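The block underneath contains the structure these notes are about, expressed in structure tokens.
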Amino acid sequence: MMKTTKTNLYLFALASSLAAGALSQATAQSVVFAWPTNGQTVVSLSGLAGTAQPATGTVQQVVFSVYDQSIGQWWNGASYQGEQAWLPASINGSNWTPANTVELPAVCCGQFYQLAAQVTDSATNIATTNITVQADAVPPVAGFAPLTDGQMVTNLSAIGGSVTDNFNLTASVGFAIHELDINNGSGRWWNGTNFQSAAVTLPAVFSANQWSPGPEVVLPALNSGQAYELTVTAMDTTSNSASATITVTNVMTVLSWDPGLTPGGTIILPNPNTNGGNYWFQIIPQSPVVGVWRTALNVPAGQAGVYLRQGSPPNIYSYNFYSANTGSNGFVVDASQFNPGQNWYILVDASTNAQWTLVSGDVFVYNVGSLAADSSSSTNAAIGAEGMVFFQTTIPSSTLAWQLWLNGAPNEMYVKKFAAPDPVSYDLDQAGQMLVVPPYLAGGTGNGSYFIGVSGAPGTPINLDSRQQPIIPLAFSSSTNLTVGAGNFPYVTYQVQVPVQQIAWQLNLMPTGGNPSIAVRRGLVPMNFATTPFRKCRRVWEPA
């Protein structure tokens, strides 16, 4: 009996010890997180707190840690590190919170964080608990209103829209204005003052789920016909961000046909802004009065080129006509190259801050009146931005030959009856000088309006000498001396009455300098390509 009693007491004592141990362990593991809870989505760790119970005595210490699973490091109160770091907590009864000296890390964009808490009691019993939370992964939703994708606009004054966030914690909104490049380049971005090649985001303000450009932002004027990609980006406090993009296009300006009443035109488009870049315009040509359509881009400052295409807007690689010379530019189009009423498009490609004006329509023609025997039917004028200058004259039926001279300038001259000539359509052409003779210079119905076109660089002064060619009488069987200087018209015409009884006529041209030639014609004034019915020898001319 004595032995049995001792055995029972031993078993009871052991059972009591195990029960006490189990109670101590359960109590020491009662360190928990009151906030956040395991699996919770958070937008910050502000408010982190918990409770702790000692196994024996009192709670002596609570520490906690923050482990960023995405980078595999622990927060040490200032930055993340590779070794585990325990951070101090303040204890108030059974409640604990991070110590006032502890700075908690910001959480980011859907990343997972493991939070651990550890309690130590006065008997050095230690217990630890872990939970995992995830940072908010849902970005704000931003959009445009009233602007919509594909909309035609005249300005961006309506830019703005809505922005919402699932936790109502939108941190920032920005937007970008990207001018698309018709030449397949990267385009340009508006920086609030001008366009630049690098992408830039402009600040926006937001309130009550609406955003608009910041008060300091100046919106750009839009180039005619150009497309702009608008992007808004919103970010929340956990660095989630999302963007929305639409494309709007500025209305294309339709040009009015200029009637060609003045050298510079009367229906003139000034440069709409100083953005530079590309500008598209539409024009529907009319039937030109004198058969030639001009497009003139006058550029007093900076640089700009002009391009023209029928049916669809051009770019710098695809066009029907173009001019990209330094300074003013332009071209003429012959009536045979287009039809009135067609849709044509003009591209102006300009440098930033360039100054330019554009005119398109009928050419201007200087009327020099009836051809005179003196300089009264001559004039001075400058070649326009279109690369040509035009003159008109009427020629009396008594005129034997017409003298056209540019006083030494080498520019190409074109002549045409009844309509203005151009490099595509002309009757006669020659550089610098021309002697116009019958049969082209015809009497009767052939005499009417004759037009002269001179091509060259825009702005080139043209001193046109247009007059009746002097006819100098020269007696048969006589001689004369002649010096043709640099300031003289290079054609000299003599009239010789050959006696009817002559069976041969000898002409000797004996130059003392230069390389002159001679042409003879019966009944009409000759020139070097109109000598029929005689053939040309070096010194002797005889009937063919």
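Labels used: A, B, ... for chains in the order of the structure tokens, numbers from 1 for residues in each chain, and numbers from 1 for ligands as shown.
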
Using the chain letters and numbers from this document, which residues of segment 85-223 of chain A does DSSP assign to strand (DSSP E), as an MDAnalysis selection string? chainID A and resid 87:92 95:98 112:121 126:135 141:142 152:153 161:164 170:179 188:190 195:196 202:207 210:213

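Residues in contact with Gln118 of chain A at up to 10 Å, not including ones fewer than 4 positions away on its chain and judged by only C-alpha atoms, are Ala28, Gln29, Ser30, Val31, Val32, Ala52, Gln61, Val62, Val63, Phe64, Ser65, Trp86, Ala89, Ile126, Ala127, Thr128, Thr129 and Asn130 of chain A.
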
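Comparing the minimum interatomic distances between Arg467 of chain A and each of A:Ser224, A:Ser378, A:Ser328, A:Thr164, counting only C-alpha atoms, we find that A:Ser378 sits nearest.
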
Could you work out how far atom CA of Pro54 of chain A lies from atom CA of Thr120 of chain A, giving the answer in Å with one decimal? 7.3 Å

Which residues are near Ala304 of chain A? Cut-off 7 Å, only C-alpha atoms, ignore same chain within fewer than 2 positions. Put them as JSON, numbers by chain. {"A": [299, 302, 306, 324, 348, 349, 350, 351]}

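Relative to atom CA of Tyr322 of chain A, atom CA of Trp257 of chain A is found at 18.8 Å.
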